Amino acid sequence: MKKKLLSLIMASAMAFTAFAVPTLAASVETIELDEDEEEEEAADEEETEASGDYHIGIVTGSVSQSEDDRRGAEAFQAKYGEDRVTLAIYPDNFTEELETTIQTIVNLSDDPDMKAIIVNQAIPGTTEAFRQIKERRPDIICIAGESHEDLPEIGSAADLVCNNDFVARGYLIIRTAHELGCDTFVHISFPRHMSYETMSRRVAIMKAACEEFGMKFEMETAPDPTTDVGVPGAQAYILEHVPEWIDKYGTNSAYFCTNDAHTEPLLKQLLEYGGYFIEADLPSPLMGYPGALGLDLTEEAGDFEKILAKVESAIVEKGGAGRFGTWAYSYGYTVSAGLAQHAMNVIDGISELDDIDDIAAAYQEFSPKAEWNGSNYTNADTGVKMDNVFLVYQDTYIMGDPGYYMGSTGVEVPEKYFTTK
């Protein structure tokens with residue numbers, strides 16, 4: 001903020017100088033100096049305009065797998081133009097198409113004007129792609145959003161990594177469920193996700209938090225949508241089993257799934273049979289809710305305040321008030337657009353790459369009323385914080401009549417959870 005205020009003061013001073021009228025007593029020497037200054041200012045303006053002649057690339061999943069991520073990339077492209085922003089999509093079945101994934105990311109560096117590449121979500125292969133890019137084009141800023149690879153590993157190749165705060169949220173999601181009156185927490189996932197450090201550590205934190213709050217912790221396994229069953233098979237499994245889980249764990253149970261494709265059928269059945277949903281793995285009012293509620297949000301597209309209001313109204317109408325939560329602004333959407341904005345700010349000399357306040361400011365360009373919190377990632381094995389890896393989160397909003405924020409960003413997470421694994 002001080003940096004921005006100083007810039008405004010300097011800009012005001014320059015404007016005053018540019019429009020000041022010289023007195024008749026001004027000497028020839030002074031007038032010649034003014035002319036020199038004008039030439040310098042003109043040169044500076046040309047340099048500023050030239051500095052905008054660079055490109056930014058954003059790689060996301062498809063609309064079917066990661067709609068919010070893709071829409072955020074499209075929003076950034078719409079803001080700055082297709083001539084400056086290049087979009088790419090990695091394969092839906094990225095676990096089986098590793099080479100295609102790597103090449104999709106690396107190909108963006110063929111553009112001689114490319115200055116930053118953002119990958120959200122940074123699926124397996126992103127680390128290798130960044131390494132190849134750095135060998136060819138060390139001038140390109142490589143940024144990973146929501147990495148699926150181990151954070152120390154991708155942090156060694158990327159210039160910046162930003163993930164959701166799986167540490168703080170592992171505690172805060174359980175705390176919120178407890179405050180809403182839940183007695184059981186059910187975690188739904190599959191082996192591939194549980195092999196990720198971020199998700200396995202979050203499970204450990206959730207278990208420990210459940211013990212702290214006197215809740216039961218349960219785990220259920222569902223099919224991985226990237227396997228042969230695909231998204232339809234994985235979603236059918238959730239639709240079929242949620243009624244059984246509600247019967248087994250009761251209506252005071254809260255549910256959490258690690259996969260986007262599982263979210264819509266989970267929400268649909270929880271609305272029908274009971275149970276709570278605090279927030280999605282990558283929270284958004286668009287994550288699963290429109291499909292589960294049968295909503296058409298075409299008219300509200302891009303306006304998250306209107307989107308949230310329409311989703312909330314439908315939740316209340318179906319009797320879900322006080323049981324369903326989200327982040328008011330899409331996480332995936334904000335990460336795609338916000339990290340691209342941050343890269344642009346860094347290239348333009350407005351921001352520092354590894355400044356959490358600058359990162360938050362860029363996020364808030366696309367989530368103006370959101371409360372954000374976060375910190376550097378701490379390696380649980382070594383206790384060392386990484387300077388270029390950040391964990392961030394937004395306050396939890398519970399939908400109701402009226403809805404309300406839980407104040408999660410103001411809660412101090414006990415220190416012991418930052419090394420729980």
# chains A, B, ... in the order shown; residues from 1 in each chain; ligands from 1
$ closest_atom_pairs --of "segment 256-348 of chain A" --to "segment 59-67 of chain A" --cutoff "12 Å" --atoms "only C-alpha atoms" --output "tab-separated table"
residue	atom	partner	partner_atom	distance
A:Asn259	CA	A:Gln65	CA	9.4
A:Asp260	CA	A:Gln65	CA	7.0
A:Ala261	CA	A:Gln65	CA	6.7
A:His262	CA	A:Gln65	CA	10.4
A:Thr263	CA	A:Gln65	CA	11.3
A:Glu264	CA	A:Gln65	CA	11.8
A:Leu282	CA	A:Ser66	CA	9.9
A:Pro283	CA	A:Ser66	CA	11.8
A:Ser284	CA	A:Glu67	CA	10.6
A:Pro285	CA	A:Glu67	CA	11.9
A:Leu286	CA	A:Glu67	CA	8.5
A:Met287	CA	A:Glu67	CA	8.2
A:Gly288	CA	A:Glu67	CA	10.0
A:Pro290	CA	A:Glu67	CA	11.8
A:Gly291	CA	A:Ser64	CA	12.0
A:Ser330	CA	A:Glu67	CA	10.4
A:Tyr331	CA	A:Ser66	CA	11.2
A:Gly332	CA	A:Ser66	CA	7.9
A:Tyr333	CA	A:Glu67	CA	8.4
A:Val335	CA	A:Thr60	CA	10.6
A:Ser336	CA	A:Thr60	CA	7.9
A:Ala337	CA	A:Thr60	CA	11.1
A:Leu339	CA	A:Val59	CA	11.7
A:Ala340	CA	A:Val59	CA	10.6
$ closest_atom_pairs --of "segment 342-375 of chain A" --to "segment 398-415 of chain A" --cutoff "10 Å" --atoms "only C-alpha atoms" --output "Markdown table"
| residue | atom | partner | partner_atom | distance |
| --- | --- | --- | --- | --- |
| A:Glu371 | CA | A:Thr409 | CA | 6.8 |
| A:Trp372 | CA | A:Thr409 | CA | 6.5 |
| A:Asn373 | CA | A:Thr409 | CA | 5.7 |
| A:Gly374 | CA | A:Thr409 | CA | 8.6 |
$ closest_residue --among "A:Ala122, A:Ile89, A:Ala158, A:Met215" --to "Tyr249 of chain A" --atoms "only C-alpha atoms"
A:Met215
$ select_by_dssp --residues "segment 165-348 of chain A" --states "strand (DSSP E)" --output "PyMOL selection string"
chain A and resi 184-189+216-221+253-257+324-326
$ write_last_selection --atoms "N, CA and C atoms" --output "compact mmCIF listing (two decimals), in the first residue's frame"
# COMPACT_ATOMS: atom_id res chain seq x y z
N THR A 184 -20.03 -35.70 12.68
CA THR A 184 -19.23 -36.61 11.86
C THR A 184 -18.76 -35.89 10.61
N PHE A 185 -17.53 -36.18 10.21
CA PHE A 185 -16.99 -35.60 8.98
C PHE A 185 -16.56 -36.73 8.05
N VAL A 186 -17.08 -36.72 6.82
CA VAL A 186 -16.82 -37.79 5.86
C VAL A 186 -15.98 -37.25 4.70
N HIS A 187 -14.80 -37.84 4.52
CA HIS A 187 -13.85 -37.43 3.48
C HIS A 187 -13.92 -38.43 2.32
N ILE A 188 -14.16 -37.93 1.09
CA ILE A 188 -14.32 -38.79 -0.08
C ILE A 188 -13.18 -38.53 -1.06
N SER A 189 -12.44 -39.59 -1.42
CA SER A 189 -11.33 -39.41 -2.36
C SER A 189 -10.96 -40.74 -3.00
N LYS A 216 -16.39 -37.50 14.89
CA LYS A 216 -15.92 -38.72 14.23
C LYS A 216 -15.38 -38.36 12.84
N PHE A 217 -14.30 -39.01 12.43
CA PHE A 217 -13.75 -38.81 11.09
C PHE A 217 -13.87 -40.12 10.31
N GLU A 218 -14.47 -40.06 9.14
CA GLU A 218 -14.67 -41.24 8.30
C GLU A 218 -14.13 -40.98 6.89
N MET A 219 -13.64 -42.04 6.24
CA MET A 219 -13.15 -41.93 4.87
C MET A 219 -13.90 -42.88 3.95
N GLU A 220 -14.31 -42.37 2.80
CA GLU A 220 -14.95 -43.18 1.77
C GLU A 220 -14.16 -43.04 0.46
N THR A 221 -14.10 -44.12 -0.30
CA THR A 221 -13.39 -44.11 -1.58
C THR A 221 -14.37 -44.10 -2.73
N SER A 253 -23.94 -35.24 9.58
CA SER A 253 -22.62 -35.50 9.02
C SER A 253 -22.31 -34.48 7.94
N ALA A 254 -21.04 -34.07 7.87
CA ALA A 254 -20.57 -33.12 6.84
C ALA A 254 -19.69 -33.87 5.85
N TYR A 255 -19.75 -33.48 4.57
CA TYR A 255 -19.05 -34.22 3.51
C TYR A 255 -18.08 -33.32 2.75
N PHE A 256 -16.99 -33.94 2.33
CA PHE A 256 -15.95 -33.23 1.59
C PHE A 256 -15.37 -34.18 0.56
N CYS A 257 -15.24 -33.74 -0.70
CA CYS A 257 -14.63 -34.58 -1.74
C CYS A 257 -13.46 -33.83 -2.36
N PHE A 324 -25.07 -25.46 3.68
CA PHE A 324 -24.20 -25.47 2.50
C PHE A 324 -23.36 -24.20 2.44
N GLY A 325 -22.07 -24.40 2.19
CA GLY A 325 -21.15 -23.27 2.16
C GLY A 325 -20.32 -23.21 0.90
N THR A 326 -19.57 -22.12 0.76
CA THR A 326 -18.72 -21.91 -0.40
C THR A 326 -17.78 -20.74 -0.10
$ residues_around --residues "Gln235 of chain A" --least-positions-apart "2" --cutoff "12 Å" --atoms "only C-alpha atoms" --output "JSON, numbers by chain"
{"A": [222, 223, 224, 225, 226, 229, 230, 231, 232, 233, 237, 238, 239, 240, 241, 242, 257, 259, 260, 261, 262, 263, 264, 265, 266, 267, 268, 269, 288, 292]}
$ select_by_dssp --residues "segment 114-256 of chain A" --states "alpha helix (DSSP H)" --output "ChimeraX atom specification"
/A:126-136,151-155,166-179,191-194,197-212,230-249
$ decode --residues "segment 184-316 of chain A" --atoms "C-alpha atoms" --output "PDB file, in the first residue's frame"
ATOM      1  CA  THR A 184     -19.230 -36.612  11.863  1.00  0.00           C
ATOM      2  CA  PHE A 185     -16.985 -35.603   8.976  1.00  0.00           C
ATOM      3  CA  VAL A 186     -16.816 -37.793   5.857  1.00  0.00           C
ATOM      4  CA  HIS A 187     -13.852 -37.432   3.483  1.00  0.00           C
ATOM      5  CA  ILE A 188     -14.322 -38.788  -0.084  1.00  0.00           C
ATOM      6  CA  SER A 189     -11.334 -39.414  -2.355  1.00  0.00           C
ATOM      7  CA  PHE A 190      -9.247 -42.040  -4.224  1.00  0.00           C
ATOM      8  CA  PRO A 191      -5.636 -43.325  -4.125  1.00  0.00           C
ATOM      9  CA  ARG A 192      -4.173 -40.942  -6.746  1.00  0.00           C
ATOM     10  CA  HIS A 193      -5.224 -37.869  -4.788  1.00  0.00           C
ATOM     11  CA  MET A 194      -4.175 -39.407  -1.483  1.00  0.00           C
ATOM     12  CA  SER A 195      -0.659 -39.817  -2.896  1.00  0.00           C
ATOM     13  CA  TYR A 196      -0.331 -36.013  -3.070  1.00  0.00           C
ATOM     14  CA  GLU A 197       1.407 -34.455  -0.094  1.00  0.00           C
ATOM     15  CA  THR A 198      -1.086 -31.587   0.064  1.00  0.00           C
ATOM     16  CA  MET A 199      -4.093 -33.882   0.308  1.00  0.00           C
ATOM     17  CA  SER A 200      -2.553 -36.532   2.574  1.00  0.00           C
ATOM     18  CA  ARG A 201      -1.381 -33.843   5.009  1.00  0.00           C
ATOM     19  CA  ARG A 202      -4.813 -32.225   4.933  1.00  0.00           C
ATOM     20  CA  VAL A 203      -6.421 -35.557   5.834  1.00  0.00           C
ATOM     21  CA  ALA A 204      -4.050 -35.904   8.787  1.00  0.00           C
ATOM     22  CA  ILE A 205      -4.940 -32.369   9.913  1.00  0.00           C
ATOM     23  CA  MET A 206      -8.668 -33.044   9.511  1.00  0.00           C
ATOM     24  CA  LYS A 207      -8.385 -36.198  11.613  1.00  0.00           C
ATOM     25  CA  ALA A 208      -6.497 -34.335  14.334  1.00  0.00           C
ATOM     26  CA  ALA A 209      -9.020 -31.469  14.267  1.00  0.00           C
ATOM     27  CA  CYS A 210     -11.925 -33.914  14.568  1.00  0.00           C
ATOM     28  CA  GLU A 211     -10.293 -35.327  17.688  1.00  0.00           C
ATOM     29  CA  GLU A 212      -9.899 -31.812  19.081  1.00  0.00           C
ATOM     30  CA  PHE A 213     -13.580 -31.002  18.506  1.00  0.00           C
ATOM     31  CA  GLY A 214     -14.925 -34.405  19.558  1.00  0.00           C
ATOM     32  CA  MET A 215     -16.135 -35.417  16.074  1.00  0.00           C
ATOM     33  CA  LYS A 216     -15.922 -38.721  14.232  1.00  0.00           C
ATOM     34  CA  PHE A 217     -13.748 -38.813  11.092  1.00  0.00           C
ATOM     35  CA  GLU A 218     -14.667 -41.245   8.303  1.00  0.00           C
ATOM     36  CA  MET A 219     -13.148 -41.925   4.868  1.00  0.00           C
ATOM     37  CA  GLU A 220     -14.950 -43.185   1.768  1.00  0.00           C
ATOM     38  CA  THR A 221     -13.390 -44.113  -1.579  1.00  0.00           C
ATOM     39  CA  ALA A 222     -14.932 -43.171  -4.925  1.00  0.00           C
ATOM     40  CA  PRO A 223     -13.729 -43.820  -8.513  1.00  0.00           C
ATOM     41  CA  ASP A 224     -11.060 -41.583 -10.042  1.00  0.00           C
ATOM     42  CA  PRO A 225     -12.631 -39.733 -13.026  1.00  0.00           C
ATOM     43  CA  THR A 226      -9.328 -39.926 -14.951  1.00  0.00           C
ATOM     44  CA  THR A 227      -9.523 -43.736 -15.076  1.00  0.00           C
ATOM     45  CA  ASP A 228     -11.554 -45.885 -17.475  1.00  0.00           C
ATOM     46  CA  VAL A 229     -14.842 -45.148 -15.709  1.00  0.00           C
ATOM     47  CA  GLY A 230     -14.472 -41.495 -16.675  1.00  0.00           C
ATOM     48  CA  VAL A 231     -16.489 -38.614 -15.259  1.00  0.00           C
ATOM     49  CA  PRO A 232     -19.920 -40.256 -15.886  1.00  0.00           C
ATOM     50  CA  GLY A 233     -18.969 -43.429 -13.991  1.00  0.00           C
ATOM     51  CA  ALA A 234     -17.458 -41.503 -11.093  1.00  0.00           C
ATOM     52  CA  GLN A 235     -20.525 -39.284 -10.779  1.00  0.00           C
ATOM     53  CA  ALA A 236     -22.904 -42.246 -10.964  1.00  0.00           C
ATOM     54  CA  TYR A 237     -21.059 -43.840  -8.046  1.00  0.00           C
ATOM     55  CA  ILE A 238     -21.547 -40.749  -5.879  1.00  0.00           C
ATOM     56  CA  LEU A 239     -25.245 -40.508  -6.767  1.00  0.00           C
ATOM     57  CA  GLU A 240     -25.735 -44.115  -5.774  1.00  0.00           C
ATOM     58  CA  HIS A 241     -23.791 -44.096  -2.515  1.00  0.00           C
ATOM     59  CA  VAL A 242     -24.679 -40.783  -0.850  1.00  0.00           C
ATOM     60  CA  PRO A 243     -28.073 -42.078   0.389  1.00  0.00           C
ATOM     61  CA  GLU A 244     -26.256 -45.051   1.935  1.00  0.00           C
ATOM     62  CA  TRP A 245     -23.723 -42.759   3.609  1.00  0.00           C
ATOM     63  CA  ILE A 246     -26.437 -40.506   5.037  1.00  0.00           C
ATOM     64  CA  ASP A 247     -28.195 -43.564   6.418  1.00  0.00           C
ATOM     65  CA  LYS A 248     -24.900 -44.790   7.868  1.00  0.00           C
ATOM     66  CA  TYR A 249     -23.534 -41.547   9.345  1.00  0.00           C
ATOM     67  CA  GLY A 250     -26.710 -39.540   9.986  1.00  0.00           C
ATOM     68  CA  THR A 251     -27.967 -36.144   8.833  1.00  0.00           C
ATOM     69  CA  ASN A 252     -25.540 -34.295  11.131  1.00  0.00           C
ATOM     70  CA  SER A 253     -22.623 -35.505   9.020  1.00  0.00           C
ATOM     71  CA  ALA A 254     -20.573 -33.123   6.841  1.00  0.00           C
ATOM     72  CA  TYR A 255     -19.053 -34.219   3.507  1.00  0.00           C
ATOM     73  CA  PHE A 256     -15.948 -33.232   1.594  1.00  0.00           C
ATOM     74  CA  CYS A 257     -14.634 -34.576  -1.738  1.00  0.00           C
ATOM     75  CA  THR A 258     -11.236 -33.950  -3.300  1.00  0.00           C
ATOM     76  CA  ASN A 259     -12.390 -34.070  -6.938  1.00  0.00           C
ATOM     77  CA  ASP A 260     -14.338 -31.433  -8.862  1.00  0.00           C
ATOM     78  CA  ALA A 261     -16.358 -33.987 -10.838  1.00  0.00           C
ATOM     79  CA  HIS A 262     -17.640 -35.583  -7.619  1.00  0.00           C
ATOM     80  CA  THR A 263     -18.947 -32.295  -6.267  1.00  0.00           C
ATOM     81  CA  GLU A 264     -22.127 -31.848  -8.314  1.00  0.00           C
ATOM     82  CA  PRO A 265     -23.668 -35.288  -7.588  1.00  0.00           C
ATOM     83  CA  LEU A 266     -22.630 -35.004  -3.936  1.00  0.00           C
ATOM     84  CA  LEU A 267     -24.427 -31.660  -3.554  1.00  0.00           C
ATOM     85  CA  LYS A 268     -27.508 -32.936  -5.364  1.00  0.00           C
ATOM     86  CA  GLN A 269     -27.897 -35.904  -3.037  1.00  0.00           C
ATOM     87  CA  LEU A 270     -27.105 -33.989   0.138  1.00  0.00           C
ATOM     88  CA  LEU A 271     -29.889 -31.551  -0.727  1.00  0.00           C
ATOM     89  CA  GLU A 272     -32.212 -34.498  -1.180  1.00  0.00           C
ATOM     90  CA  TYR A 273     -31.218 -36.705   1.760  1.00  0.00           C
ATOM     91  CA  GLY A 274     -29.669 -34.364   4.352  1.00  0.00           C
ATOM     92  CA  GLY A 275     -26.126 -33.711   5.540  1.00  0.00           C
ATOM     93  CA  TYR A 276     -23.794 -30.703   5.384  1.00  0.00           C
ATOM     94  CA  PHE A 277     -21.304 -29.392   2.853  1.00  0.00           C
ATOM     95  CA  ILE A 278     -18.890 -26.769   4.230  1.00  0.00           C
ATOM     96  CA  GLU A 279     -17.055 -25.923   1.020  1.00  0.00           C
ATOM     97  CA  ALA A 280     -15.562 -27.603  -2.035  1.00  0.00           C
ATOM     98  CA  ASP A 281     -11.956 -28.674  -2.397  1.00  0.00           C
ATOM     99  CA  LEU A 282     -11.559 -25.645  -4.701  1.00  0.00           C
ATOM    100  CA  PRO A 283     -14.494 -23.526  -3.499  1.00  0.00           C
ATOM    101  CA  SER A 284     -16.840 -21.535  -5.721  1.00  0.00           C
ATOM    102  CA  PRO A 285     -20.564 -20.851  -6.026  1.00  0.00           C
ATOM    103  CA  LEU A 286     -20.110 -22.354  -9.499  1.00  0.00           C
ATOM    104  CA  MET A 287     -18.452 -25.531  -8.237  1.00  0.00           C
ATOM    105  CA  GLY A 288     -21.183 -28.144  -8.531  1.00  0.00           C
ATOM    106  CA  TYR A 289     -24.041 -25.913  -7.406  1.00  0.00           C
ATOM    107  CA  PRO A 290     -25.537 -24.856 -10.780  1.00  0.00           C
ATOM    108  CA  GLY A 291     -25.791 -28.463 -11.994  1.00  0.00           C
ATOM    109  CA  ALA A 292     -27.040 -29.790  -8.677  1.00  0.00           C
ATOM    110  CA  LEU A 293     -29.699 -27.076  -8.511  1.00  0.00           C
ATOM    111  CA  GLY A 294     -30.576 -27.006 -12.229  1.00  0.00           C
ATOM    112  CA  LEU A 295     -29.685 -23.324 -12.539  1.00  0.00           C
ATOM    113  CA  ASP A 296     -29.060 -21.348 -15.702  1.00  0.00           C
ATOM    114  CA  LEU A 297     -26.510 -18.660 -14.847  1.00  0.00           C
ATOM    115  CA  THR A 298     -25.986 -17.320 -18.354  1.00  0.00           C
ATOM    116  CA  GLU A 299     -27.236 -13.836 -17.488  1.00  0.00           C
ATOM    117  CA  GLU A 300     -25.123 -13.708 -14.320  1.00  0.00           C
ATOM    118  CA  ALA A 301     -21.908 -14.954 -15.985  1.00  0.00           C
ATOM    119  CA  GLY A 302     -18.831 -13.248 -14.536  1.00  0.00           C
ATOM    120  CA  ASP A 303     -20.753 -11.442 -11.766  1.00  0.00           C
ATOM    121  CA  PHE A 304     -20.093 -13.521  -8.652  1.00  0.00           C
ATOM    122  CA  GLU A 305     -22.289 -11.440  -6.376  1.00  0.00           C
ATOM    123  CA  LYS A 306     -25.305 -12.174  -8.599  1.00  0.00           C
ATOM    124  CA  ILE A 307     -24.231 -15.796  -9.035  1.00  0.00           C
ATOM    125  CA  LEU A 308     -23.987 -16.316  -5.277  1.00  0.00           C
ATOM    126  CA  ALA A 309     -27.365 -14.638  -4.691  1.00  0.00           C
ATOM    127  CA  LYS A 310     -29.077 -16.919  -7.227  1.00  0.00           C
ATOM    128  CA  VAL A 311     -27.422 -20.063  -5.884  1.00  0.00           C
ATOM    129  CA  GLU A 312     -28.237 -19.086  -2.306  1.00  0.00           C
ATOM    130  CA  SER A 313     -31.887 -18.433  -3.172  1.00  0.00           C
ATOM    131  CA  ALA A 314     -32.177 -21.899  -4.713  1.00  0.00           C
ATOM    132  CA  ILE A 315     -30.475 -23.525  -1.711  1.00  0.00           C
ATOM    133  CA  VAL A 316     -32.916 -21.860   0.681  1.00  0.00           C
TER     134      VAL A 316
END
